[in-house]
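**Student:** Sharing run-v5.txt here; it has compact mmCIF, C-alpha atoms.
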# COMPACT_ATOMS: atom_id res chain seq x y z
CA MET X 1 143.05 81.10 175.00
CA GLU X 2 144.79 80.31 171.75
CA LYS X 3 141.88 78.13 170.72
CA LEU X 4 139.48 80.92 171.43
CA LEU X 5 141.46 83.26 169.20
CA LYS X 6 141.41 80.67 166.42
CA TYR X 7 137.63 80.38 166.72
CA CYS X 8 137.29 84.11 166.59
CA LEU X 9 139.46 84.30 163.49
CA SER X 10 137.47 81.56 161.76
CA LEU X 11 134.23 83.33 162.58
CA PHE X 12 135.65 86.55 161.18
CA VAL X 13 136.66 84.85 157.94
CA ILE X 14 133.25 83.18 157.60
CA GLY X 15 131.60 86.53 158.27
CA CYS X 16 133.69 88.13 155.56
CA ILE X 17 132.79 85.46 153.02
CA PHE X 18 129.09 85.87 153.71
CA SER X 19 129.26 89.63 153.62
CA CYS X 20 130.77 89.64 150.13
CA LYS X 21 127.93 90.65 147.84
CA SER X 22 127.54 91.04 144.15
CA ASP X 23 127.35 94.57 142.77
CA LYS X 24 123.65 94.13 142.05
CA GLU X 25 122.93 93.12 145.63
CA GLU X 26 124.94 95.97 147.01
CA ALA X 27 123.18 98.38 144.66
CA LEU X 28 119.79 97.15 145.91
CA LYS X 29 120.81 97.78 149.49
CA VAL X 30 121.90 101.33 148.76
CA LEU X 31 118.71 101.80 146.73
CA GLU X 32 116.60 100.97 149.80
CA PHE X 33 118.58 103.52 151.74
CA GLY X 34 118.17 106.10 148.96
CA LYS X 35 114.37 105.76 148.97
CA HIS X 36 114.18 107.57 152.30
CA TYR X 37 113.74 111.34 152.46
CA GLN X 38 112.83 111.68 148.80
CA GLY X 39 114.57 114.61 147.16
CA SER X 40 117.05 115.22 149.98
CA ALA X 41 120.78 115.51 149.24
CA GLN X 42 121.31 112.25 151.15
CA SER X 43 118.77 110.43 148.99
CA LEU X 44 120.07 111.90 145.72
CA ASN X 45 123.64 110.96 146.65
CA ALA X 46 122.63 107.41 147.56
CA LEU X 47 120.73 106.95 144.29
CA THR X 48 123.70 108.30 142.37
CA ARG X 49 125.85 105.78 144.20
CA VAL X 50 123.45 102.97 143.18
CA LEU X 51 124.04 103.88 139.56
CA GLU X 52 127.79 103.98 140.07
CA ILE X 53 127.65 100.40 141.33
CA ASP X 54 125.06 99.16 138.87
CA ALA X 55 124.30 101.42 135.93
CA THR X 56 121.46 99.13 134.81
CA ASN X 57 119.28 99.72 137.88
CA ALA X 58 116.12 101.18 136.31
CA GLU X 59 114.41 101.70 139.63
CA ALA X 60 117.17 104.03 140.82
CA TYR X 61 116.60 106.19 137.75
CA ARG X 62 112.88 106.25 138.46
CA GLU X 63 113.51 107.16 142.10
CA LEU X 64 115.77 109.99 140.96
CA SER X 65 113.09 111.32 138.60
CA ILE X 66 110.28 111.61 141.15
CA PRO X 67 111.45 114.56 143.29
CA TYR X 68 111.83 116.62 140.11
CA LEU X 69 108.37 115.56 138.98
CA LYS X 70 106.77 116.76 142.18
CA ARG X 71 108.83 119.95 142.43
CA GLY X 72 108.24 121.34 138.95
CA ILE X 73 111.64 120.72 137.32
CA PRO X 74 110.54 118.87 134.15
CA ASN X 75 113.81 118.45 132.25
CA HIS X 76 115.44 116.52 135.11
CA TRP X 77 112.36 114.36 135.51
CA LYS X 78 112.47 113.52 131.82
CA THR X 79 116.20 112.67 131.76
CA TYR X 80 115.89 110.16 134.60
CA MET X 81 112.44 108.78 133.76
CA ASP X 82 113.45 108.10 130.15
CA GLN X 83 116.51 106.22 131.38
CA ALA X 84 114.30 104.04 133.59
CA VAL X 85 112.02 103.29 130.63
CA THR X 86 114.96 102.51 128.34
CA LEU X 87 116.41 100.06 130.85
CA ASP X 88 113.14 98.42 131.86
CA SER X 89 110.19 99.53 129.77
CA LEU X 90 108.06 96.63 130.97
CA SER X 91 108.09 98.06 134.50
CA TRP X 92 108.10 101.81 133.87
CA ILE X 93 106.47 102.81 130.59
CA GLY X 94 102.95 102.75 132.04
CA TYR X 95 104.15 104.71 135.03
CA ARG X 96 105.70 107.34 132.77
CA GLY X 97 102.32 107.60 131.02
CA TYR X 98 100.67 108.22 134.38
CA ASN X 99 103.22 111.03 135.01
CA TYR X 100 102.56 112.60 131.60
CA LEU X 101 98.83 112.40 132.24
CA TRP X 102 98.68 114.15 135.60
CA PHE X 103 101.80 116.25 136.02
CA TYR X 104 102.18 117.53 132.45
CA ARG X 105 98.67 117.08 131.03
CA ASP X 106 100.33 115.73 127.93
CA TYR X 107 97.46 113.43 127.03
CA LYS X 108 98.93 112.27 123.73
CA LYS X 109 102.25 111.20 125.23
CA ALA X 110 100.36 109.54 128.09
CA ILE X 111 98.17 107.57 125.69
CA ALA X 112 101.23 106.55 123.63
CA ASP X 113 102.82 105.08 126.77
CA PHE X 114 99.62 103.32 127.84
CA ASP X 115 99.22 101.91 124.33
CA ALA X 116 102.81 100.63 124.50
CA THR X 117 101.90 98.49 127.51
CA ASP X 118 99.35 96.67 125.30
CA ILE X 119 102.18 95.69 122.96
CA LEU X 120 104.64 94.76 125.73
CA THR X 121 102.11 92.66 127.66
CA PRO X 122 99.49 91.59 125.09
CA ASN X 123 97.50 89.31 127.39
CA PHE X 124 97.66 91.42 130.49
CA VAL X 125 96.17 94.79 131.41
CA ASP X 126 98.86 96.82 133.17
CA ALA X 127 97.90 98.89 136.21
CA PRO X 128 100.46 101.62 136.83
CA GLN X 129 99.88 103.41 140.13
CA GLY X 130 97.12 100.97 141.02
CA HIS X 131 94.72 101.54 138.15
CA SER X 132 94.16 99.79 134.84
CA VAL X 133 95.68 101.51 131.80
CA ASP X 134 92.16 101.44 130.33
CA TYR X 135 90.91 103.59 133.20
CA TRP X 136 93.84 106.01 132.71
CA ARG X 137 93.18 106.13 128.97
CA GLY X 138 89.53 106.96 129.65
CA ILE X 139 90.73 109.99 131.60
CA ALA X 140 93.41 110.94 129.04
CA TYR X 141 90.90 110.90 126.17
CA LEU X 142 88.52 113.01 128.24
CA GLY X 143 91.43 115.45 128.65
CA LEU X 144 91.70 115.53 124.85
CA LYS X 145 87.91 116.10 124.69
CA ASP X 146 87.67 112.88 122.65
CA ARG X 147 84.56 111.66 124.48
CA GLU X 148 83.93 108.71 122.20
CA ASN X 149 87.28 107.08 122.95
CA SER X 150 87.02 108.12 126.59
CA ILE X 151 83.70 106.28 126.96
CA ALA X 152 85.06 103.26 125.04
CA TYR X 153 88.00 102.88 127.44
CA PHE X 154 85.87 103.40 130.53
CA ASP X 155 83.49 100.74 129.16
CA LYS X 156 86.43 98.39 128.68
CA TYR X 157 87.73 99.03 132.19
CA ILE X 158 84.35 98.87 133.94
CA ASN X 159 83.15 95.76 132.10
CA LYS X 160 86.37 93.90 132.87
CA GLU X 161 86.19 94.89 136.53
CA ILE X 162 82.56 93.71 136.75
CA GLU X 163 83.48 90.43 135.08
CA ASP X 164 86.53 89.83 137.29
CA SER X 165 85.36 91.06 140.68
CA GLY X 166 81.90 92.65 140.58
CA GLU X 167 80.45 96.11 140.09
CA ASP X 168 81.23 97.21 143.64
CA TRP X 169 84.95 96.88 142.82
CA VAL X 170 84.84 99.48 140.07
CA GLU X 171 86.81 102.66 140.85
CA LEU X 172 84.08 105.22 141.62
CA THR X 173 85.56 108.02 139.54
CA ALA X 174 85.28 105.76 136.48
CA PHE X 175 81.49 106.15 136.73
CA LEU X 176 81.87 109.87 137.38
CA TYR X 177 84.18 110.48 134.42
CA ARG X 178 82.17 108.26 132.07
CA GLY X 179 79.14 110.28 133.16
CA ILE X 180 80.96 113.54 132.42
CA ALA X 181 82.02 112.22 128.99
CA TYR X 182 78.35 111.39 128.22
CA PHE X 183 77.21 114.75 129.62
CA GLU X 184 79.67 116.65 127.45
CA SER X 185 78.54 114.76 124.38
CA GLY X 186 74.89 115.58 125.12
CA ASN X 187 73.78 112.08 126.08
CA TYR X 188 72.00 113.04 129.29
CA GLU X 189 70.27 109.72 129.94
CA SER X 190 73.53 107.76 129.97
CA ALA X 191 75.18 110.54 131.96
CA LEU X 192 72.50 110.30 134.68
CA MET X 193 72.87 106.54 134.82
CA ASN X 194 76.59 106.88 135.54
CA PHE X 195 76.17 109.63 138.16
CA ASP X 196 73.57 107.45 139.90
CA LYS X 197 76.00 104.53 139.87
CA GLN X 198 78.69 106.66 141.48
CA LEU X 199 76.20 107.78 144.17
CA GLN X 200 74.98 104.22 144.70
CA TYR X 201 78.49 103.07 145.61
CA SER X 202 79.53 106.14 147.58
CA ARG X 203 76.75 106.16 150.20
CA ASN X 204 75.02 108.93 148.24
CA LEU X 205 77.92 111.28 148.95
CA SER X 206 79.52 113.04 145.98
CA ALA X 207 79.42 116.76 145.25
CA ASP X 208 80.61 116.07 141.70
CA ALA X 209 77.93 113.53 140.77
CA LYS X 210 75.22 115.78 142.25
CA TYR X 211 76.59 118.90 140.57
CA TYR X 212 76.48 117.21 137.19
CA LYS X 213 73.05 115.72 137.90
CA ALA X 214 71.80 119.25 138.63
CA ARG X 215 73.27 120.41 135.32
CA VAL X 216 71.51 117.58 133.48
CA LEU X 217 68.22 118.41 135.19
CA LYS X 218 68.71 122.09 134.29
CA GLU X 219 69.21 121.13 130.64
CA GLN X 220 66.04 119.04 130.82
CA GLY X 221 64.08 121.93 132.34
CA ASP X 222 63.51 120.29 135.73
CA ILE X 223 64.59 123.36 137.72
CA GLU X 224 62.89 122.40 141.00
CA ASN X 225 64.78 119.11 141.34
CA ALA X 226 67.96 120.71 140.09
CA LYS X 227 67.72 123.24 142.94
CA LEU X 228 67.30 120.48 145.51
CA ILE X 229 70.23 118.51 144.22
CA ILE X 230 72.63 121.47 143.94
CA ASP X 231 71.97 122.19 147.64
CA ALA X 232 72.84 118.57 148.41
CA ALA X 233 76.02 118.95 146.31
CA ILE X 234 77.04 121.99 148.36
CA GLU X 235 76.49 120.01 151.56
CA ASP X 236 78.66 117.15 150.29
CA PHE X 237 81.35 119.59 149.20
CA ASN X 238 81.41 121.22 152.62
CA ILE X 239 82.06 117.91 154.34
CA GLY X 240 84.86 117.05 151.93
CA TYR X 241 83.16 114.70 149.45
CA PHE X 242 84.43 116.05 146.15
CA ASN X 243 86.79 114.64 143.56
CA ASN X 244 90.41 115.71 144.02
CA ARG X 245 93.86 114.18 144.05
CA PRO X 246 97.22 114.71 145.74
CA TYR X 247 99.95 116.91 144.20
CA VAL X 248 97.89 118.26 141.30
CA GLU X 249 94.39 119.50 140.53
CA THR X 250 92.28 116.70 139.11
CA ILE X 251 90.73 116.79 135.67
CA ARG X 252 87.33 118.56 135.73
CA GLN X 253 87.82 119.48 139.38
CA ILE X 254 84.88 121.43 140.82
CA TYR X 255 85.11 124.31 143.29
CA MET X 256 82.60 125.96 145.59
CA GLU X 257 82.35 128.85 143.10
CA ASP X 258 81.12 126.42 140.44
CA LEU X 259 78.41 125.14 142.75
CA MET X 260 77.36 128.63 143.84
CA LEU X 261 77.27 129.81 140.24
CA LEU X 262 74.96 126.97 139.22
CA LYS X 263 72.78 127.62 142.26
CA SER X 264 72.40 131.27 141.34
CA GLU X 265 71.65 130.41 137.70
CA LEU X 266 68.89 128.09 138.88
CA SER X 267 67.37 130.83 141.02
CA LEU X 268 67.00 133.28 138.13
CA MET H 1 135.69 91.12 198.71
CA ARG H 2 132.72 89.53 196.95
CA LYS H 3 131.21 92.90 196.45
CA LYS H 4 134.40 94.11 194.83
CA ILE H 5 134.50 91.20 192.42
CA LEU H 6 130.88 91.79 191.53
CA LYS H 7 131.66 95.43 190.91
CA ILE H 8 134.57 94.56 188.62
CA VAL H 9 132.45 92.04 186.73
CA LEU H 10 129.71 94.63 186.30
CA TYR H 11 132.20 97.18 185.02
CA VAL H 12 133.62 94.66 182.57
CA VAL H 13 130.15 93.82 181.31
CA LEU H 14 129.33 97.48 180.99
CA ILE H 15 132.49 98.30 179.07
CA PHE H 16 131.93 95.24 176.88
CA ALA H 17 128.38 96.40 176.15
CA ILE H 18 129.56 99.90 175.26
CA VAL H 19 132.24 98.55 172.94
CA LEU H 20 129.69 96.23 171.34
CA PHE H 21 127.28 99.10 170.74
CA GLY H 22 130.10 101.13 169.30
CA LEU H 23 131.03 98.32 166.95
CA TYR H 24 127.41 97.85 165.94
CA GLY H 25 127.10 101.55 165.23
CA TYR H 26 130.28 101.56 163.18
CA ALA H 27 129.17 98.47 161.28
CA TYR H 28 125.82 100.14 160.54
CA TYR H 29 127.63 103.22 159.29
CA VAL H 30 129.92 101.13 157.12
CA MET H 31 127.02 99.13 155.69
CA ASN H 32 124.83 102.09 154.87
CA TYR H 33 126.43 105.49 154.86
CA LYS H 34 129.96 104.71 153.74
CA PHE H 35 128.73 103.97 150.23
CA VAL H 36 127.08 107.31 149.88
CA PRO H 37 129.31 109.91 148.30
CA GLU H 38 128.82 113.12 150.14
CA ASN H 39 129.95 115.71 147.71
CA LYS H 40 127.87 115.33 144.58
CA TYR H 41 124.66 116.82 145.94
CA THR H 42 124.96 119.27 148.78
CA HIS H 43 121.35 120.46 148.52
CA SER H 44 117.95 118.89 148.12
CA ALA H 45 116.31 118.69 144.69
CA GLU H 46 114.10 121.75 145.24
CA TYR H 47 116.76 124.05 146.69
CA ILE H 48 116.65 127.63 145.45
CA ASN H 49 119.81 129.59 146.15
CA PRO H 50 118.79 132.89 147.82
CA GLU H 51 121.90 134.54 146.35
CA THR H 52 120.87 133.94 142.76
CA ALA H 53 117.07 133.89 143.11
CA LEU H 54 114.83 136.64 141.76
CA LEU H 55 113.02 139.02 144.15
CA ASN H 56 114.73 137.66 147.20
CA GLU H 57 115.67 141.04 148.60
CA GLY H 58 113.64 141.85 151.68
CA PHE H 59 112.06 138.39 151.57
CA GLU H 60 112.50 136.39 154.72
CA VAL H 61 111.84 132.77 155.48
CA CYS H 62 111.03 131.71 159.00
CA ASP H 63 113.37 128.73 159.14
CA GLU H 64 116.04 128.41 156.48
CA ASP H 65 116.67 124.79 157.48
CA PHE H 66 113.07 123.64 157.34
CA ILE H 67 111.36 124.55 154.07
CA ILE H 68 108.87 121.83 153.18
CA GLN H 69 107.01 121.02 149.94
CA TYR H 70 103.73 122.71 149.00
CA TYR H 71 101.88 119.38 149.12
CA ASN H 72 103.09 118.35 152.56
CA PRO H 73 101.14 117.82 154.71
CA GLN H 74 98.26 120.33 154.48
CA ARG H 75 99.04 121.92 151.13
CA ALA H 76 100.05 125.54 150.78
CA THR H 77 97.43 127.20 148.57
CA TYR H 78 96.64 130.51 146.92
CA SER H 79 94.30 132.61 149.04
CA LYS H 80 91.67 132.68 146.29
CA GLU H 81 92.18 129.00 145.47
CA LYS H 82 93.15 127.52 142.15
CA ASN H 83 90.09 129.03 140.45
CA GLY H 84 91.04 132.52 141.64
CA LEU H 85 94.64 132.00 140.54
CA ARG H 86 93.59 130.75 137.10
CA ASN H 87 91.10 133.57 136.58
CA PHE H 88 93.65 136.20 137.54
CA ILE H 89 96.33 134.85 135.21
CA LEU H 90 94.08 134.12 132.24
CA SER H 91 92.25 137.44 132.40
CA ASN H 92 95.47 139.45 132.57
CA TYR H 93 97.73 137.49 130.22
CA LYS H 94 97.91 138.75 126.66
CA ASN H 95 99.18 136.58 123.84
CA ASN H 96 101.03 139.15 121.74
CA ASN H 97 101.28 136.86 118.71
CA PHE H 98 103.72 134.62 120.55
CA THR H 99 104.63 131.43 118.75
CA ASP H 100 106.20 129.67 121.74
CA SER H 101 105.12 126.27 123.03
CA GLY H 102 106.31 124.48 126.14
CA TYR H 103 106.26 124.65 129.90
CA LEU H 104 107.15 127.85 131.68
CA ASN H 105 107.67 126.90 135.31
CA ILE H 106 108.15 129.40 138.07
CA ARG H 107 109.31 128.06 141.40
CA PHE H 108 109.37 130.05 144.60
CA VAL H 109 109.01 129.95 148.37
CA ILE H 110 105.87 130.72 150.36
CA ASN H 111 107.01 131.70 153.82
CA CYS H 112 105.25 130.87 157.06
CA LYS H 113 103.41 134.19 156.91
CA GLY H 114 101.95 133.41 153.49
CA LEU H 115 104.23 135.75 151.52
CA ALA H 116 105.94 134.69 148.30
CA GLY H 117 109.52 135.36 147.20
CA ARG H 118 112.81 133.82 146.05
CA TYR H 119 111.74 133.00 142.49
CA VAL H 120 113.45 130.93 139.82
CA ILE H 121 112.29 130.35 136.23
CA HIS H 122 112.56 127.13 134.20
CA GLU H 123 111.84 127.15 130.48
CA ASN H 124 111.27 123.85 128.65
CA ASN H 125 109.73 122.93 125.33
CA LEU H 126 106.79 120.52 125.03
CA ASP H 127 109.26 117.61 124.98
CA LEU H 128 110.56 118.88 128.34
CA GLU H 129 113.92 119.96 127.00
CA PRO H 130 115.43 123.29 128.10
CA THR H 131 114.59 126.14 125.75
CA SER H 132 114.15 129.92 125.75
CA PHE H 133 110.81 131.60 125.33
CA ASN H 134 110.10 135.04 123.96
CA LYS H 135 111.28 137.53 126.57
CA ASP H 136 107.98 139.44 126.61
CA LEU H 137 106.07 136.24 127.33
CA VAL H 138 108.38 135.30 130.20
CA ASP H 139 108.37 138.83 131.65
CA GLN H 140 104.61 139.00 131.49
CA LEU H 141 103.99 135.66 133.20
CA PHE H 142 106.71 136.27 135.76
CA ASP H 143 105.22 139.65 136.58
CA LEU H 144 101.69 138.20 136.90
CA THR H 145 102.93 135.31 139.03
CA THR H 146 104.69 137.67 141.44
CA GLN H 147 101.45 139.62 141.73
CA LEU H 148 99.87 136.59 143.41
CA LYS H 149 100.57 138.00 146.82
CA GLU H 150 98.52 136.24 149.46
CA TRP H 151 99.02 132.54 150.09
CA ASN H 152 97.86 130.16 152.78
CA PRO H 153 101.06 128.85 154.34
CA ASN H 154 101.68 125.21 155.09
CA TYR H 155 101.01 124.00 158.61
CA THR H 156 102.75 121.18 160.45
CA HIS H 157 104.21 120.39 163.88
CA ASP H 158 101.98 123.01 165.51
CA ALA H 159 103.18 125.93 163.43
CA PHE H 160 102.93 127.62 160.05
CA ARG H 161 105.93 126.68 157.91
CA ASP H 162 107.80 127.84 154.84
CA SER H 163 107.31 125.76 151.73
CA TYR H 164 108.53 125.44 148.16
CA MET H 165 105.82 126.06 145.55
CA TYR H 166 105.74 126.05 141.78
CA ILE H 167 103.38 127.11 139.03
CA SER H 168 103.67 125.48 135.65
CA TYR H 169 102.17 127.14 132.59
CA ARG H 170 101.67 124.81 129.67
CA ILE H 171 101.79 127.03 126.61
CA GLU H 172 100.78 126.11 123.07
CA HIS H 173 101.44 128.73 120.36
CA GLY H 174 101.48 131.43 122.98
CA GLU H 175 98.18 130.33 124.58
CA ILE H 176 98.08 129.05 128.16
CA THR H 177 96.39 125.65 127.93
CA GLU H 178 97.04 124.41 131.48
CA ILE H 179 98.09 125.83 134.80
CA LEU H 180 99.54 123.26 137.18
CA PRO H 181 99.72 121.85 139.82
Could you quickly redo this structure as structure tokens?
**Tutor:**
Amino acid sequence: MEKLLKYCLSLFVIGCIFSCKSDKEEALKVLEFGKHYQGSAQSLNALTRVLEIDATNAEAYRELSIPYLKRGIPNHWKTYMDQAVTLDSLSWIGYRGYNYLWFYRDYKKAIADFDATDILTPNFVDAPQGHSVDYWRGIAYLGLKDRENSIAYFDKYINKEIEDSGEDWVELTAFLYRGIAYFESGNYESALMNFDKQLQYSRNLSADAKYYKARVLKEQGDIENAKLIIDAAIEDFNIGYFNNRPYVETIRQIYMEDLMLLKSELSL
Amino acid sequence: MRKKILKIVLYVVLIFAIVLFGLYGYAYYVMNYKFVPENKYTHSAEYINPETALLNEGFEVCDEDFIIQYYNPQRATYSKEKNGLRNFILSNYKNNNFTDSGYLNIRFVINCKGLAGRYVIHENNLDLEPTSFNKDLVDQLFDLTTQLKEWNPNYTHDAFRDSYMYISYRIEHGEITEILP
């Protein structure tokens, strides 16, 4: 019996030794806990606790910023996001650019952050939120109506993707947006080429590519084909094949009214 | 006699198992929850206090304890879609020589019947720091926003639900340059 107690005591002591963790490790554990139920009081309290244990945990600051980003409380987002970038700019500056791009439509601040990733990682193209910073810059410059730079960055992104993995790996909206940038700068031939590429890789389903093709054809005076293709665009739209994104409206998002308006203009 | 012993052994095992579960539960609590201070945040990030909110009188939510986000899971939307919302705001807003720039955000609740209420206003400059806009500008955009009456409520778990919504006006020299989200 006494022996058994001794064993138990030893086990307890060993357990204690192994359960002693450094502050950083403990902070990481609480961080995992805090990632659940984003924006809830429980999550906010846990993330605050992470920073009490380890004030250098950049990811906790980023986690704290996100609920405010998605809920329309910009000053809190900025306070926390900037802290994350200050502590670990390598990991978070591109991500902050992505936030500026979509949630604030602050294209200049977005581009500044994307450009900073070039300096921080000179031989590597960062991909915040799963896409190359060149792709994001293509979109940001389109937002600024700087089509020349937009096309240049889409070229850079698309050419690298083709070189690394093949044309079928290119993000489809890169073709769409490059096409729109060409369309808006009056280069209809290049615009058509890009819309056709998007359709080629999306099983010929894309209300956006067809809508813009119809607009090109209208500009070129080919009303009959424009009419056919706007009807096809409406069909695609009705079955859900149109460009959109979660949380916020996408840049150059099209709506049924846009399609109907073009259709009626073509019938005049 | 044998039956009795078996019974006692079973009871002992049962009690042992219960104690073990209890210990496991306590250990789990200690490992995870104990570290979390419970008093700093008592509400979620989006919480709008009905007591201090604007136009909350007469506005009712269907479930005070279950107000979800506009983007989850179906998306609560304006009845005339984003285009209709944008057209209404832009065609009625008048820039009376305002010089303000920044983000005027209006947050509110869309209840499960598609009605809006319980508003709160956030004013930030273009660097996302708190600021104050011209009162006429704020009044005008607040008034227009509250005129957006009919919304499509969010739907989840077999019912229409209340949700938090916001509209962000990006303003440059008094002009609305973006309406988000």
**Student:** Would you kindly identify which residues have an atom no farther than 8 Å from (115.4, 136.1, 143.5), using only C-alpha atoms and the file's own coordinates, and write them out as number ranges by chain?
**Tutor:** H: 50-57, 117-120
**Student:** Using only C-alpha atoms, please write the residues we just selected to a file, as a JSON list (two decimals), in the coordinates of the input.
**Tutor:**
[["chain", "number", "residue", "atom", "x", "y", "z"],
["H", 50, "PRO", "CA", 118.79, 132.89, 147.82],
["H", 51, "GLU", "CA", 121.90, 134.54, 146.35],
["H", 52, "THR", "CA", 120.87, 133.94, 142.76],
["H", 53, "ALA", "CA", 117.07, 133.89, 143.11],
["H", 54, "LEU", "CA", 114.83, 136.64, 141.76],
["H", 55, "LEU", "CA", 113.02, 139.02, 144.15],
["H", 56, "ASN", "CA", 114.73, 137.66, 147.20],
["H", 57, "GLU", "CA", 115.67, 141.04, 148.60],
["H", 117, "GLY", "CA", 109.52, 135.36, 147.20],
["H", 118, "ARG", "CA", 112.81, 133.82, 146.05],
["H", 119, "TYR", "CA", 111.74, 133.00, 142.49],
["H", 120, "VAL", "CA", 113.45, 130.93, 139.82]]
**Student:** Mind running chain X against chain H at 7 Å and telling me each contacting residue's nearest atom pair with the distance in Å (one decimal), counting all atoms listed in the file, chain and number ascending, as CSV?
**Tutor:**
residue,atom,partner,partner_atom,distance
X:Val30,CA,H:Asn32,CA,6.8
X:Gly39,CA,H:Ala45,CA,5.1
X:Ser40,CA,H:Ser44,CA,4.2
X:Ala41,CA,H:Ser44,CA,4.5
X:Leu44,CA,H:Tyr41,CA,6.7
X:Asn45,CA,H:Val36,CA,6.0
X:Ala46,CA,H:Val36,CA,5.0
X:Arg49,CA,H:Val36,CA,6.0
X:Pro67,CA,H:Ala45,CA,6.5
X:Tyr68,CA,H:Ala45,CA,6.7
X:Arg71,CA,H:Glu46,CA,6.2
X:Gly72,CA,H:Tyr166,CA,6.0
X:Pro74,CA,H:Leu128,CA,5.8
X:Asn75,CA,H:Leu128,CA,5.1
X:Lys78,CA,H:Leu128,CA,6.7
X:Tyr247,CA,H:Tyr71,CA,5.8
X:Val248,CA,H:Pro181,CA,4.3
X:Glu249,CA,H:Pro181,CA,5.9
**Student:** What does the distance between CA of Gly143 in chain X and CA of Ser185 in chain X come to in Å, to one decimal place?
**Tutor:** 13.6 Å
**Student:** Nearest residue to Asn111 in chain H out of H:Asn96, H:Ile171, H:Asn154, H:Gly22, using all atoms listed in the file?
**Tutor:**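 Ranking H:Asn96, H:Ile171, H:Asn154, H:Gly22 by distance to Asn111 in chain H, first place goes to H:Asn154.
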**Student:** Write out as a ChimeraX atom specification the residues lying within 7 Å of range 135-141 of chain X, counting all atoms listed in the file and excluding same-chain residues fewer than 2 positions away.
**Tutor:** /X:101,107,111,131-133,143-147,149-151,153-154,157,174
**Student:** Fewer than 2 positions away in the same chain doesn't count, so skip those; otherwise give me all residues within 12 Å of Phe160 in chain H, counting only C-alpha atoms, as a compact mmCIF listing (two decimals) with C-alpha atoms, in the coordinates of the input.
**Tutor:**
# COMPACT_ATOMS: atom_id res chain seq x y z
CA VAL H 61 111.84 132.77 155.48
CA CYS H 62 111.03 131.71 159.00
CA ASP H 63 113.37 128.73 159.14
CA PHE H 66 113.07 123.64 157.34
CA ILE H 67 111.36 124.55 154.07
CA ILE H 68 108.87 121.83 153.18
CA ASN H 72 103.09 118.35 152.56
CA PRO H 73 101.14 117.82 154.71
CA GLN H 74 98.26 120.33 154.48
CA ARG H 75 99.04 121.92 151.13
CA ALA H 76 100.05 125.54 150.78
CA ILE H 110 105.87 130.72 150.36
CA ASN H 111 107.01 131.70 153.82
CA CYS H 112 105.25 130.87 157.06
CA LYS H 113 103.41 134.19 156.91
CA GLY H 114 101.95 133.41 153.49
CA LEU H 115 104.23 135.75 151.52
CA TRP H 151 99.02 132.54 150.09
CA ASN H 152 97.86 130.16 152.78
CA PRO H 153 101.06 128.85 154.34
CA ASN H 154 101.68 125.21 155.09
CA TYR H 155 101.01 124.00 158.61
CA THR H 156 102.75 121.18 160.45
CA HIS H 157 104.21 120.39 163.88
CA ASP H 158 101.98 123.01 165.51
CA ASP H 162 107.80 127.84 154.84
CA SER H 163 107.31 125.76 151.73
**Student:** Using all atoms listed in the file, list the residues that have an atom at most 12 Å from (70.5, 129.4, 138.6), coordinates as in the file, as a list in words.
**Tutor:**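 Selection result: Ala214, Arg215, Leu217, Lys218, Glu219, Gly221, Asp222, Ile223, Glu224, Ala226, Lys227, Leu228, Ile230, Asp231, Asp258, Leu259, Met260, Leu261, Leu262, Lys263, Ser264, Glu265, Leu266, Ser267 and Leu268 of chain X.
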**Student:** When you count all atoms listed in the file, which of these residues is closest to Ala233 in chain X: X:Thr250, X:Tyr212, X:Gly186, X:Gln220?
**Tutor:**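 The closest residue to Ala233 in chain X is X:Tyr212.
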**Student:** Could you please determine the separation between CA of Leu6 in chain H and CA of Tyr24 in chain H in Å, to one decimal place?
**Tutor:** 26.5 Å
**Student:** Excluding Lys210 in chain X and any residue of its chain fewer than 4 positions from it, enumerate the residues within 12 Å of it, using all atoms listed in the file, and give them as a PyMOL selection string.
**Tutor:** chain X and resi 176+179-180+191-192+194-200+202+204-206+214-217+225-237+241-243+254+259+262
**Student:** Just how far from CA of Ser91 in chain X is CA of Ile158 in chain X, in Å to one decimal?
**Tutor:**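 Computing the Euclidean distance for CA of Ile158 in chain X and CA of Ser91 in chain X yields 23.8 Å.
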**Student:** I want to know what sits within 9 Å of Glu26 in chain X, based on all atoms listed in the file, with residues of the same chain fewer than 6 positions away left out; could you give that as a PDB file with C-alpha atoms, in the frame of the given file?
**Tutor:**
ATOM      1  CA  VAL X  50     123.450 102.970 143.180  1.00  0.00           C
ATOM      2  CA  ILE X  53     127.650 100.400 141.330  1.00  0.00           C
ATOM      3  CA  ASP X  54     125.060  99.160 138.870  1.00  0.00           C
TER       4      ASP X  54
END
